[in-house]
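**Q** As input, take entry15.txt (compact mmCIF, C-alpha atoms):
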```
# COMPACT_ATOMS: atom_id res chain seq x y z
CA MET V 1 -50.37 97.42 52.19
CA LYS V 2 -52.44 94.58 50.72
CA LYS V 3 -51.25 95.46 47.24
CA ILE V 4 -47.63 95.41 48.38
CA ALA V 5 -48.21 92.01 50.03
CA TYR V 6 -49.83 90.74 46.84
CA LEU V 7 -46.92 92.01 44.76
CA ILE V 8 -44.33 90.47 47.12
CA SER V 9 -46.13 87.11 47.11
CA LYS V 10 -46.34 87.22 43.31
CA ILE V 11 -42.62 87.99 42.96
CA THR V 12 -41.80 85.26 45.50
CA PHE V 13 -43.94 82.76 43.58
CA TRP V 14 -42.22 83.54 40.28
CA GLY V 15 -38.83 83.51 42.03
CA PHE V 16 -39.49 80.07 43.51
CA LEU V 17 -40.88 78.76 40.23
CA LEU V 18 -37.89 79.96 38.21
CA PHE V 19 -35.45 78.71 40.83
CA THR V 20 -37.20 75.31 40.87
CA LEU V 21 -37.19 75.11 37.08
CA ILE V 22 -33.45 75.84 37.01
CA LEU V 23 -32.46 73.78 40.04
CA ILE V 24 -34.29 70.53 39.29
CA PRO V 25 -32.80 69.95 35.79
CA LEU V 26 -29.35 70.96 37.05
CA SER V 27 -29.52 68.65 40.05
CA LEU V 28 -30.79 65.83 37.81
CA SER V 29 -27.92 66.42 35.42
CA SER V 30 -25.46 66.36 38.33
CA PHE V 31 -26.70 62.84 39.03
CA LEU V 32 -25.92 61.93 35.39
CA GLU V 33 -22.43 63.37 35.75
CA TYR V 34 -21.91 61.53 39.02
CA TYR V 35 -23.14 58.10 37.91
CA PHE V 36 -22.26 58.07 34.16
CA ASN V 37 -19.27 60.45 34.17
CA TRP V 38 -20.92 62.71 31.62
CA ASP V 39 -19.43 66.15 31.32
CA ILE V 40 -22.38 68.46 32.03
CA PRO V 41 -21.82 72.22 31.80
CA PHE V 42 -22.32 74.30 35.01
CA VAL V 43 -22.04 71.16 37.19
CA GLU V 44 -18.98 70.05 39.12
CA ILE V 45 -18.62 67.06 41.44
CA VAL V 46 -16.66 67.86 44.59
CA LYS V 47 -15.42 65.43 47.27
CA ARG V 48 -15.25 66.72 50.81
CA GLU V 49 -14.67 64.71 54.01
CA GLY V 50 -15.50 61.50 52.16
CA LEU V 51 -18.85 62.82 50.90
CA ASP V 52 -19.82 63.67 47.32
CA PHE V 53 -21.28 67.08 46.57
CA ALA V 54 -22.57 68.59 43.34
CA LYS V 55 -21.62 72.21 42.84
CA ILE V 56 -23.55 74.44 40.44
CA LYS V 57 -21.07 76.91 39.00
CA ASN V 58 -21.89 80.63 38.92
CA ILE V 59 -24.97 80.19 41.14
CA GLY V 60 -23.07 79.14 44.23
CA ILE V 61 -25.36 76.23 45.13
CA GLU V 62 -23.97 73.01 46.48
CA PHE V 63 -25.85 69.88 47.47
CA TRP V 64 -25.04 66.51 48.89
CA LEU V 65 -25.56 63.76 46.32
CA ASN V 66 -27.96 61.49 48.16
CA TYR V 67 -31.65 61.17 49.05
CA THR V 68 -31.74 64.68 50.59
CA MET V 69 -31.92 66.03 47.04
CA ILE V 70 -35.45 64.61 46.74
CA LEU V 71 -36.37 66.50 49.92
CA MET V 72 -34.97 69.65 48.34
CA TRP V 73 -37.06 69.13 45.17
CA GLY V 74 -40.12 68.50 47.31
CA THR V 75 -39.53 71.67 49.33
CA MET V 76 -38.98 73.80 46.21
CA ILE V 77 -42.09 72.46 44.47
CA PHE V 78 -44.17 72.80 47.64
CA TYR V 79 -43.18 76.42 48.22
CA ALA V 80 -43.78 77.29 44.56
CA ILE V 81 -47.35 75.97 45.01
CA TYR V 82 -47.62 77.62 48.43
CA PHE V 83 -46.71 81.08 47.14
CA TYR V 84 -49.05 80.59 44.18
CA ALA V 85 -51.88 79.95 46.67
CA LEU V 86 -50.69 82.92 48.78
CA GLN V 87 -50.85 85.35 45.87
CA LYS V 88 -54.32 84.00 45.01
CA PHE V 89 -55.27 84.54 48.64
CA PHE V 90 -54.15 88.19 48.58
CA LYS V 91 -55.88 88.64 45.23
CA ILE V 92 -59.22 87.83 46.91
CA PHE V 93 -58.84 90.85 49.17
CA ILE V 94 -57.82 93.26 46.43
CA PHE V 95 -59.61 92.47 43.21
CA GLU V 96 -62.46 90.09 43.96
CA ASN V 97 -65.65 90.06 45.97
CA THR V 98 -64.43 88.94 49.39
CA PHE V 99 -67.59 87.32 50.67
CA ASP V 100 -68.36 84.67 48.06
CA GLN V 101 -68.00 80.90 47.70
CA HIS V 102 -64.95 81.23 45.46
CA ALA V 103 -63.10 83.11 48.20
CA VAL V 104 -63.98 80.37 50.71
CA LYS V 105 -62.62 77.71 48.32
CA GLN V 106 -59.36 79.63 47.76
CA LEU V 107 -58.95 80.11 51.48
CA ASN V 108 -59.64 76.46 52.17
CA LEU V 109 -56.91 75.40 49.72
CA PHE V 110 -54.38 77.76 51.26
CA TYR V 111 -55.44 76.71 54.76
CA LYS V 112 -54.88 73.03 53.97
CA LEU V 113 -51.51 73.72 52.33
CA ASN V 114 -50.23 75.08 55.64
CA PHE V 115 -50.63 71.70 57.30
CA PHE V 116 -48.01 69.96 55.12
CA PRO V 117 -45.02 71.80 56.63
CA ILE V 118 -46.61 71.60 60.09
CA ILE V 119 -46.92 67.80 59.92
CA ILE V 120 -43.52 67.26 58.26
CA GLY V 121 -41.84 69.77 60.60
CA PHE V 122 -43.44 68.11 63.62
CA ILE V 123 -42.19 64.69 62.51
CA GLY V 124 -38.72 66.21 61.98
CA ILE V 125 -38.74 67.78 65.44
CA LEU V 126 -39.81 64.50 67.06
CA TYR V 127 -37.17 62.60 65.10
CA ARG V 128 -34.47 65.08 66.17
CA TYR V 129 -35.66 65.00 69.75
CA PHE V 130 -35.52 61.20 69.97
CA SER V 131 -32.28 60.83 68.01
CA LEU V 132 -30.35 63.68 69.70
CA GLY V 133 -32.08 63.51 73.08
CA TYR V 134 -32.55 67.24 73.61
CA PHE V 135 -34.94 70.02 72.59
CA LYS V 136 -33.81 73.41 71.31
CA PHE V 137 -36.00 76.06 69.68
CA ASP V 138 -34.36 76.75 66.31
CA GLU V 139 -35.10 77.06 62.57
CA PRO V 140 -37.33 73.96 61.97
CA HIS V 141 -39.45 74.86 65.01
CA PHE V 142 -39.68 78.39 63.76
CA PHE V 143 -41.07 77.23 60.41
CA VAL V 144 -43.67 75.10 62.14
CA PHE V 145 -44.57 78.07 64.36
CA ILE V 146 -45.02 80.44 61.38
CA HIS V 147 -47.22 77.96 59.51
CA LEU V 148 -49.26 77.37 62.68
CA VAL V 149 -49.83 81.13 63.02
CA VAL V 150 -50.84 81.43 59.36
CA ALA V 151 -53.14 78.39 59.67
CA PHE V 152 -54.80 79.92 62.74
CA PHE V 153 -55.46 83.22 60.95
CA LEU V 154 -56.85 81.39 57.93
CA TYR V 155 -59.12 79.35 60.18
CA PHE V 156 -60.32 82.70 61.52
CA TYR V 157 -60.85 84.19 58.03
CA GLN V 158 -62.85 81.21 56.85
CA ASP V 159 -65.41 81.82 59.53
CA LEU V 160 -65.45 85.58 58.97
CA ILE V 161 -65.96 85.10 55.24
CA LYS V 162 -68.71 82.53 55.81
CA LYS V 163 -70.47 84.96 58.15
CA GLY V 164 -70.06 87.81 55.65
CA ASN V 165 -71.28 85.53 52.88
CA THR V 166 -74.50 84.80 54.83
CA ILE V 167 -75.17 88.54 55.31
CA GLN V 168 -74.38 89.20 51.64
CA GLN V 169 -76.82 86.47 50.54
CA GLU V 170 -79.52 87.85 52.86
CA ASN V 171 -78.84 91.28 51.41
CA ASP V 172 -79.10 90.04 47.81
CA LEU V 173 -82.33 88.16 48.57
CA THR V 174 -83.89 91.19 50.27
CA ILE V 175 -83.04 93.45 47.31
CA MET L 1 -66.31 81.74 65.46
CA LYS L 2 -66.46 81.27 69.23
CA THR L 3 -63.69 78.65 69.24
CA GLN L 4 -61.32 80.77 67.16
CA SER L 5 -62.04 83.90 69.20
CA ASN L 6 -61.49 81.99 72.43
CA ILE L 7 -58.15 80.70 71.14
CA LEU L 8 -57.23 84.26 70.12
CA LYS L 9 -58.25 85.59 73.53
CA TRP L 10 -56.24 83.02 75.48
CA LEU L 11 -53.19 83.34 73.24
CA SER L 12 -53.28 87.12 73.67
CA LEU L 13 -53.64 86.69 77.43
CA ILE L 14 -50.60 84.40 77.60
CA PHE L 15 -48.62 86.82 75.46
CA LEU L 16 -49.80 89.70 77.66
CA ILE L 17 -48.52 87.98 80.81
CA ARG L 18 -45.19 87.41 79.09
CA LEU L 19 -45.02 91.07 78.06
CA ILE L 20 -45.81 92.31 81.56
CA TYR L 21 -43.01 90.08 82.87
CA LEU L 22 -40.64 91.51 80.23
CA THR L 23 -41.67 95.07 81.15
CA PHE L 24 -40.69 94.45 84.76
CA LYS L 25 -37.39 93.02 83.57
CA GLN L 26 -36.82 96.11 81.43
CA ILE L 27 -37.56 98.39 84.41
CA GLN L 28 -34.99 96.35 86.32
CA ASN L 29 -32.59 96.95 83.39
CA LEU L 30 -33.03 100.72 83.79
CA TYR L 31 -32.15 100.37 87.46
CA LEU L 32 -29.07 98.27 86.57
CA ILE L 33 -27.96 100.84 83.96
CA SER L 34 -28.25 103.65 86.50
CA ASN L 35 -25.97 101.58 88.80
CA ASN L 36 -23.48 100.99 85.96
CA ASP L 37 -24.13 97.26 86.11
CA LYS L 38 -23.09 95.48 82.88
CA LYS L 39 -25.14 92.31 83.38
CA LEU L 40 -28.48 93.32 81.86
CA ASN L 41 -31.54 91.14 81.31
CA LYS L 42 -32.06 89.93 77.75
CA ILE L 43 -35.30 91.34 76.27
CA PHE L 44 -36.41 89.90 72.92
CA GLY L 45 -32.98 88.29 72.53
CA ILE L 46 -31.20 91.67 72.49
CA GLU L 47 -27.70 91.37 73.88
CA TYR L 48 -25.75 94.50 74.76
CA PRO L 49 -22.01 94.67 74.12
CA GLU L 50 -20.00 95.51 77.25
CA ASP L 51 -18.39 98.60 75.72
CA ILE L 52 -21.68 100.15 74.58
CA ASN L 53 -22.06 103.91 74.97
CA GLN L 54 -24.01 104.74 78.15
CA SER L 55 -26.27 107.36 76.49
CA LEU L 56 -27.09 104.95 73.64
CA LEU L 57 -27.92 102.27 76.20
CA TRP L 58 -30.30 104.66 77.98
CA ILE L 59 -32.03 105.65 74.72
CA ILE L 60 -32.38 102.02 73.58
CA SER L 61 -33.69 100.88 76.97
CA ILE L 62 -36.28 103.67 77.12
CA PHE L 63 -37.36 102.91 73.56
CA ILE L 64 -37.79 99.23 74.38
CA LEU L 65 -39.75 100.02 77.54
CA ALA L 66 -42.03 102.44 75.64
CA SER L 67 -42.68 99.91 72.87
CA LEU L 68 -43.39 97.18 75.44
CA ILE L 69 -45.99 99.40 77.16
CA TYR L 70 -47.49 100.26 73.77
CA LEU L 71 -47.70 96.56 72.85
CA ILE L 72 -49.38 95.77 76.19
CA TYR L 73 -52.00 98.45 75.44
CA GLN L 74 -52.62 96.98 71.96
CA LEU L 75 -52.91 93.48 73.43
CA PHE L 76 -55.54 94.72 75.87
CA ASN L 77 -57.45 96.02 72.85
CA LEU L 78 -57.04 92.68 71.10
CA ILE L 79 -58.46 90.83 74.10
CA ARG L 80 -61.44 93.24 74.09
CA ILE L 81 -61.99 92.59 70.36
CA ALA L 82 -61.78 88.82 70.91
CA GLN L 83 -64.43 89.21 73.63
CA ASN L 84 -66.62 91.16 71.18
CA LEU L 85 -66.24 88.37 68.64
CA ILE L 86 -67.20 85.82 71.28
CA ASP L 87 -70.31 87.93 72.02
CA ASN L 88 -71.13 87.80 68.28
CA LYS L 89 -70.47 91.51 67.72
CA VAL L 90 -68.35 90.78 64.67
CA PHE L 91 -68.86 93.34 61.91
CA THR L 92 -68.56 96.64 63.76
CA ASN L 93 -66.59 99.73 62.84
CA LYS L 94 -65.01 99.84 66.28
CA ASN L 95 -63.55 96.33 65.88
CA ALA L 96 -62.23 97.16 62.40
CA ASN L 97 -60.57 100.40 63.56
CA GLN L 98 -59.04 98.83 66.64
CA LEU L 99 -57.68 95.89 64.64
CA HIS L 100 -56.25 98.32 62.11
CA ALA L 101 -54.50 100.19 64.94
CA ILE L 102 -53.18 96.88 66.33
CA GLY L 103 -51.84 95.84 62.90
CA LYS L 104 -50.08 99.17 62.47
CA GLY L 105 -48.87 99.01 66.09
CA ILE L 106 -47.19 95.65 65.47
CA ILE L 107 -45.47 97.10 62.38
CA VAL L 108 -44.19 100.08 64.42
CA PHE L 109 -43.09 97.81 67.28
CA THR L 110 -41.25 95.43 64.92
CA SER L 111 -39.56 98.32 63.14
CA ILE L 112 -38.34 99.78 66.46
CA LEU L 113 -37.05 96.35 67.48
CA ILE L 114 -35.20 95.94 64.17
CA ILE L 115 -33.67 99.43 64.36
CA VAL L 116 -32.53 98.88 67.96
CA GLN L 117 -31.08 95.45 67.30
CA THR L 118 -29.40 96.57 64.07
CA THR L 119 -27.75 99.49 65.88
CA ILE L 120 -26.39 97.16 68.56
CA ASP L 121 -25.33 94.40 66.12
CA HIS L 122 -23.69 96.93 63.83
CA SER L 123 -21.62 98.48 66.61
CA PHE L 124 -20.77 94.96 67.84
CA LEU L 125 -19.69 93.79 64.35
CA ASP L 126 -17.66 96.93 63.77
CA SER L 127 -15.77 96.55 67.02
CA THR L 128 -15.19 92.78 67.05
CA VAL L 129 -14.99 91.41 63.50
CA SER L 130 -11.35 91.13 62.51
CA SER L 131 -12.14 90.69 58.78
CA LYS L 132 -11.77 93.49 56.27
CA GLU L 133 -15.53 93.91 55.76
CA SER L 134 -16.59 97.50 55.30
CA ASN L 135 -18.86 99.49 57.58
CA SER L 136 -21.74 99.40 55.08
CA TYR L 137 -21.37 95.61 54.65
CA ASN L 138 -21.66 95.15 58.43
CA LEU L 139 -24.70 97.42 58.53
CA GLY L 140 -26.36 95.52 55.65
CA TYR L 141 -25.54 92.18 57.30
CA ALA L 142 -26.98 93.27 60.65
CA LEU L 143 -30.11 94.75 59.03
CA GLY L 144 -30.69 91.69 56.82
CA THR L 145 -30.38 89.15 59.62
CA ASN L 146 -32.60 91.18 61.93
CA ILE L 147 -35.34 91.66 59.34
CA ALA L 148 -35.28 87.91 58.60
CA LYS L 149 -35.50 87.16 62.34
CA ARG L 150 -38.52 89.44 62.86
CA MET L 151 -40.28 88.76 59.56
CA TYR L 152 -42.96 86.68 61.30
CA LEU L 153 -44.10 89.78 63.21
CA TYR L 154 -44.62 91.65 59.95
CA MET L 155 -46.60 88.64 58.69
CA ILE L 156 -48.78 88.64 61.80
CA SER L 157 -49.43 92.39 61.38
CA LEU L 158 -50.38 91.85 57.75
CA PHE L 159 -52.89 89.14 58.69
CA VAL L 160 -54.35 91.35 61.41
CA LEU L 161 -54.74 94.18 58.87
CA ILE L 162 -56.53 91.77 56.53
CA ILE L 163 -58.93 90.78 59.33
CA SER L 164 -59.59 94.48 59.94
CA SER L 165 -60.39 95.07 56.26
CA LEU L 166 -62.65 91.98 56.24
CA ILE L 167 -64.55 93.31 59.24
CA LYS L 168 -64.81 96.74 57.60
CA ASN L 169 -66.23 95.20 54.39
CA GLY L 170 -68.60 93.06 56.44
CA ASN L 171 -69.75 96.14 58.33
CA ILE L 172 -70.64 97.93 55.07
CA ILE L 173 -72.71 94.96 53.86
CA LYS L 174 -74.34 94.64 57.30
CA GLN L 175 -75.32 98.32 57.28
CA GLU L 176 -76.74 97.96 53.75
CA ASN L 177 -78.66 94.92 54.94
CA ASP L 178 -80.04 96.69 58.01
CA LEU L 179 -81.08 99.69 55.93
CA THR L 180 -82.80 97.49 53.31
CA ILE L 181 -84.77 95.64 55.96
```
Translate the structure of the given file into structure tokens.
**A**
Amino acid sequence: MKKIAYLISKITFWGFLLFTLILIPLSLSSFLEYYFNWDIPFVEIVKREGLDFAKIKNIGIEFWLNYTMILMWGTMIFYAIYFYALQKFFKIFIFENTFDQHAVKQLNLFYKLNFFPIIIGFIGILYRYFSLGYFKFDEPHFFVFIHLVVAFFLYFYQDLIKKGNTIQQENDLTI
Amino acid sequence: MKTQSNILKWLSLIFLIRLIYLTFKQIQNLYLISNNDKKLNKIFGIEYPEDINQSLLWIISIFILASLIYLIYQLFNLIRIAQNLIDNKVFTNKNANQLHAIGKGIIVFTSILIIVQTTIDHSFLDSTVSSKESNSYNLGYALGTNIAKRMYLYMISLFVLIISSLIKNGNIIKQENDLTI
């Protein structure tokens, strides 16, 4: 089970990384096509309901040409880092000695990473609540919820590993 | 450790109350089905189409009720484990085994939920969608959306299984330590 989880997280990390490495240059080049009228392959500018969209041919991705693109880059880069930390986290439980300082450090990094989407998601939820005037449990809330659950479990692990580390050290000293 | 275990205990307790409430609603559903009433209570967001086969409805409802009772039992175990952790009985074989059973239990529960919901969604899509999508496309669509919806439960089970393996490892080191002393 742990090995499958490690493999999935590794594939997801590489998937995100490759997708980010393809998407960022293409979205940057769509800006060049939009502002300087350059003819960039794979990119097409589409107008719909008065808004400008960049369409990446053959991949089927379309994005609105405005500041939201920076948010998209940020999200892609963040989740590439996140899944890198996740695969490192699973690696601790498969290949390495679980109860050592290195494991605590890896866990701490992954634990802290979970707070970025929680904080940003929370701000987004508050913004939506005050601008729309109503509250509805949907996708952004769900993301915050998942990261909160993961953060709670990691908080739990940290303490377990610290406790195990103390026993391990006692054990080593006694031997 | 006490703070985390207390949070775990209280969260499990809240979830347990919710599950007991849902179990009563599901029992009420069984009563409504026996009276041929079409307005059933929604459990875990499962909506039944009006033209659903009566035998299928019975099977699904009994499955849901059984999995709810099973989940309640596992939650009771989780509360007991949280209490053990509060009492500083962390690295014991009993805790590890029970957590392992809980992790596997959540996987079984989620899988049942996905199968049930996919069966309903598939029959719903097949009977209502006017597009030319094939039967296998509808099945794939229903399965994909349901797995995505319940993915968080698989994640939770995975984290619980990791806790169980941590406790198991800790127990081995603790035993070594006790024997050395």
**Q** Would you mind telling me which residue in L:Thr92, L:Thr23, L:Asn84, L:Ser61 lies nearest to Leu166 of chain L when using only C-alpha atoms?
**A**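 For Leu166 of chain L, the nearest of the given residues is L:Thr92.
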**Q** As a compact mmCIF listing (two decimals) with C-alpha atoms, in the coordinates of the input, please: the residues near Phe15 of chain L (cut-off 12 Å, all atoms listed in the file, same-chain neighbours under 2 positions excluded).
**A**
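Writing the result to part.txt gives the following:
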```txt
# COMPACT_ATOMS: atom_id res chain seq x y z
CA LEU L 8 -57.23 84.26 70.12
CA LYS L 9 -58.25 85.59 73.53
CA TRP L 10 -56.24 83.02 75.48
CA LEU L 11 -53.19 83.34 73.24
CA SER L 12 -53.28 87.12 73.67
CA LEU L 13 -53.64 86.69 77.43
CA ILE L 17 -48.52 87.98 80.81
CA ARG L 18 -45.19 87.41 79.09
CA LEU L 19 -45.02 91.07 78.06
CA ILE L 20 -45.81 92.31 81.56
CA TYR L 21 -43.01 90.08 82.87
CA LEU L 22 -40.64 91.51 80.23
CA LEU L 68 -43.39 97.18 75.44
CA LEU L 71 -47.70 96.56 72.85
CA ILE L 72 -49.38 95.77 76.19
CA GLN L 74 -52.62 96.98 71.96
CA LEU L 75 -52.91 93.48 73.43
CA PHE L 76 -55.54 94.72 75.87
CA LEU L 78 -57.04 92.68 71.10
CA ILE L 79 -58.46 90.83 74.10
```
**Q** Give me the residues of chain V that have any atom at most 9 Å from an atom of chain L; for each, the nearest atom pair and the distance in Å, rounded to one decimal. Use all atoms listed in the file, sort by chain and number, and format it as a Markdown table.
**A**
```
| residue | atom | partner | partner_atom | distance |
| --- | --- | --- | --- | --- |
| V:Met1 | CA | L:Leu158 | CA | 7.9 |
| V:Lys2 | CA | L:Ile162 | CA | 7.6 |
| V:Ala5 | CA | L:Leu158 | CA | 8.0 |
| V:Phe93 | CA | L:Ile162 | CA | 7.8 |
| V:Thr98 | CA | L:Leu166 | CA | 7.7 |
| V:Phe99 | CA | L:Gly170 | CA | 8.2 |
| V:Ile146 | CA | L:Tyr152 | CA | 6.6 |
| V:Val149 | CA | L:Ile156 | CA | 7.7 |
| V:Val150 | CA | L:Ile156 | CA | 7.9 |
| V:Phe152 | CA | L:Gln4 | CA | 7.9 |
| V:Phe153 | CA | L:Phe159 | CA | 6.8 |
| V:Leu154 | CA | L:Phe159 | CA | 8.7 |
| V:Tyr155 | CA | L:Gln4 | CA | 7.5 |
| V:Phe156 | CA | L:Gln4 | CA | 6.0 |
| V:Tyr157 | CA | L:Ile163 | CA | 7.0 |
| V:Asp159 | CA | L:Met1 | CA | 6.0 |
| V:Leu160 | CA | L:Leu166 | CA | 7.5 |
| V:Ile161 | CA | L:Leu166 | CA | 7.7 |
| V:Lys163 | CA | L:Gly170 | CA | 8.5 |
| V:Gly164 | CA | L:Gly170 | CA | 5.5 |
| V:Asn165 | CA | L:Gly170 | CA | 8.7 |
| V:Ile167 | CA | L:Lys174 | CA | 6.5 |
| V:Gln168 | CA | L:Ile173 | CA | 6.4 |
| V:Glu170 | CA | L:Asn177 | CA | 7.4 |
| V:Asn171 | CA | L:Asn177 | CA | 5.1 |
| V:Asp172 | CA | L:Asn177 | CA | 8.7 |
| V:Thr174 | CA | L:Thr180 | CA | 7.1 |
| V:Ile175 | CA | L:Thr180 | CA | 7.2 |
```
**Q** Within 7 Å of Asn138 of chain L, counting only C-alpha atoms, which residues qualify if same-chain residues fewer than 4 places away don't, as a PDB file with C-alpha atoms, in the coordinates of the input?
**A**
```
ATOM      1  CA  HIS L 122     -23.690  96.930  63.830  1.00  0.00           C
ATOM      2  CA  LEU L 125     -19.690  93.790  64.350  1.00  0.00           C
ATOM      3  CA  ASP L 126     -17.660  96.930  63.770  1.00  0.00           C
ATOM      4  CA  GLU L 133     -15.530  93.910  55.760  1.00  0.00           C
ATOM      5  CA  SER L 134     -16.590  97.500  55.300  1.00  0.00           C
ATOM      6  CA  ALA L 142     -26.980  93.270  60.650  1.00  0.00           C
TER       7      ALA L 142
END
```
**Q** Name all residues at most 9 Å from Trp14 of chain V (count all atoms listed in the file; drop same-chain ones fewer than 3 positions away) and give them as a PDB file with C-alpha atoms, in the coordinates of the input.
**A**
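Ended up saving to result37.pdb:
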```
ATOM      1  CA  SER V   9     -46.130  87.110  47.110  1.00  0.00           C
ATOM      2  CA  LYS V  10     -46.340  87.220  43.310  1.00  0.00           C
ATOM      3  CA  ILE V  11     -42.620  87.990  42.960  1.00  0.00           C
ATOM      4  CA  LEU V  17     -40.880  78.760  40.230  1.00  0.00           C
ATOM      5  CA  LEU V  18     -37.890  79.960  38.210  1.00  0.00           C
ATOM      6  CA  PHE V  19     -35.450  78.710  40.830  1.00  0.00           C
ATOM      7  CA  ALA V  80     -43.780  77.290  44.560  1.00  0.00           C
ATOM      8  CA  PHE V  83     -46.710  81.080  47.140  1.00  0.00           C
ATOM      9  CA  TYR V  84     -49.050  80.590  44.180  1.00  0.00           C
TER      10      TYR V  84
END
```
**Q** Counting all atoms listed in the file, which residues sit no farther than 10 Å from the position (-45.2, 72.4, 54.5) in the file's frame? I'd like them as JSON, numbers by chain.
**A** {"V": [74, 75, 78, 79, 82, 112, 113, 114, 115, 116, 117, 118, 119, 120, 121, 143, 144, 147]}
**Q** Between atom CA of Pro41 of chain V and atom CA of Leu28 of chain V, measure the distance and give it in Å to one decimal.
**A**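 Computed distance, atom CA of Pro41 of chain V to atom CA of Leu28 of chain V, equals 12.5 Å.
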**Q** For atom CA of Met76 of chain V and atom CA of Phe90 of chain V, determine how far apart the two atoms are, in Å to one decimal place.
**A** 21.0 Å
**Q** Using Å and a single decimal, report how far atom CA of Ser67 of chain L sits from atom CA of Thr110 of chain L.
**A**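 Computed distance, atom CA of Thr110 of chain L to atom CA of Ser67 of chain L, equals 9.2 Å.
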**Q** Which polymer residues have any atom within 8 Å of an atom of Leu107 of chain V, counting only C-alpha atoms, with same-chain residues fewer than 2 positions away left out, as a ChimeraX atom specification?
**A** /V:89,103-105,109-111,154,157-158
**Q** Counting all atoms listed in the file, which residue out of L:Ile114, L:Leu16, L:Leu56, L:Ile172 sits closest to Ala148 of chain L?
**A**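 Closest candidate: L:Ile114.
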**Q** For each of V:Leu51, V:Leu23, V:Thr166, V:Leu173, take the minimum atom-to-atom distance to Asp100 of chain V, counting all atoms listed in the file, then give the residue where this is smallest.
**A**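 Checking each of V:Leu51, V:Leu23, V:Thr166, V:Leu173 against Asp100 of chain V, counting all atoms listed in the file, the winner is V:Thr166.
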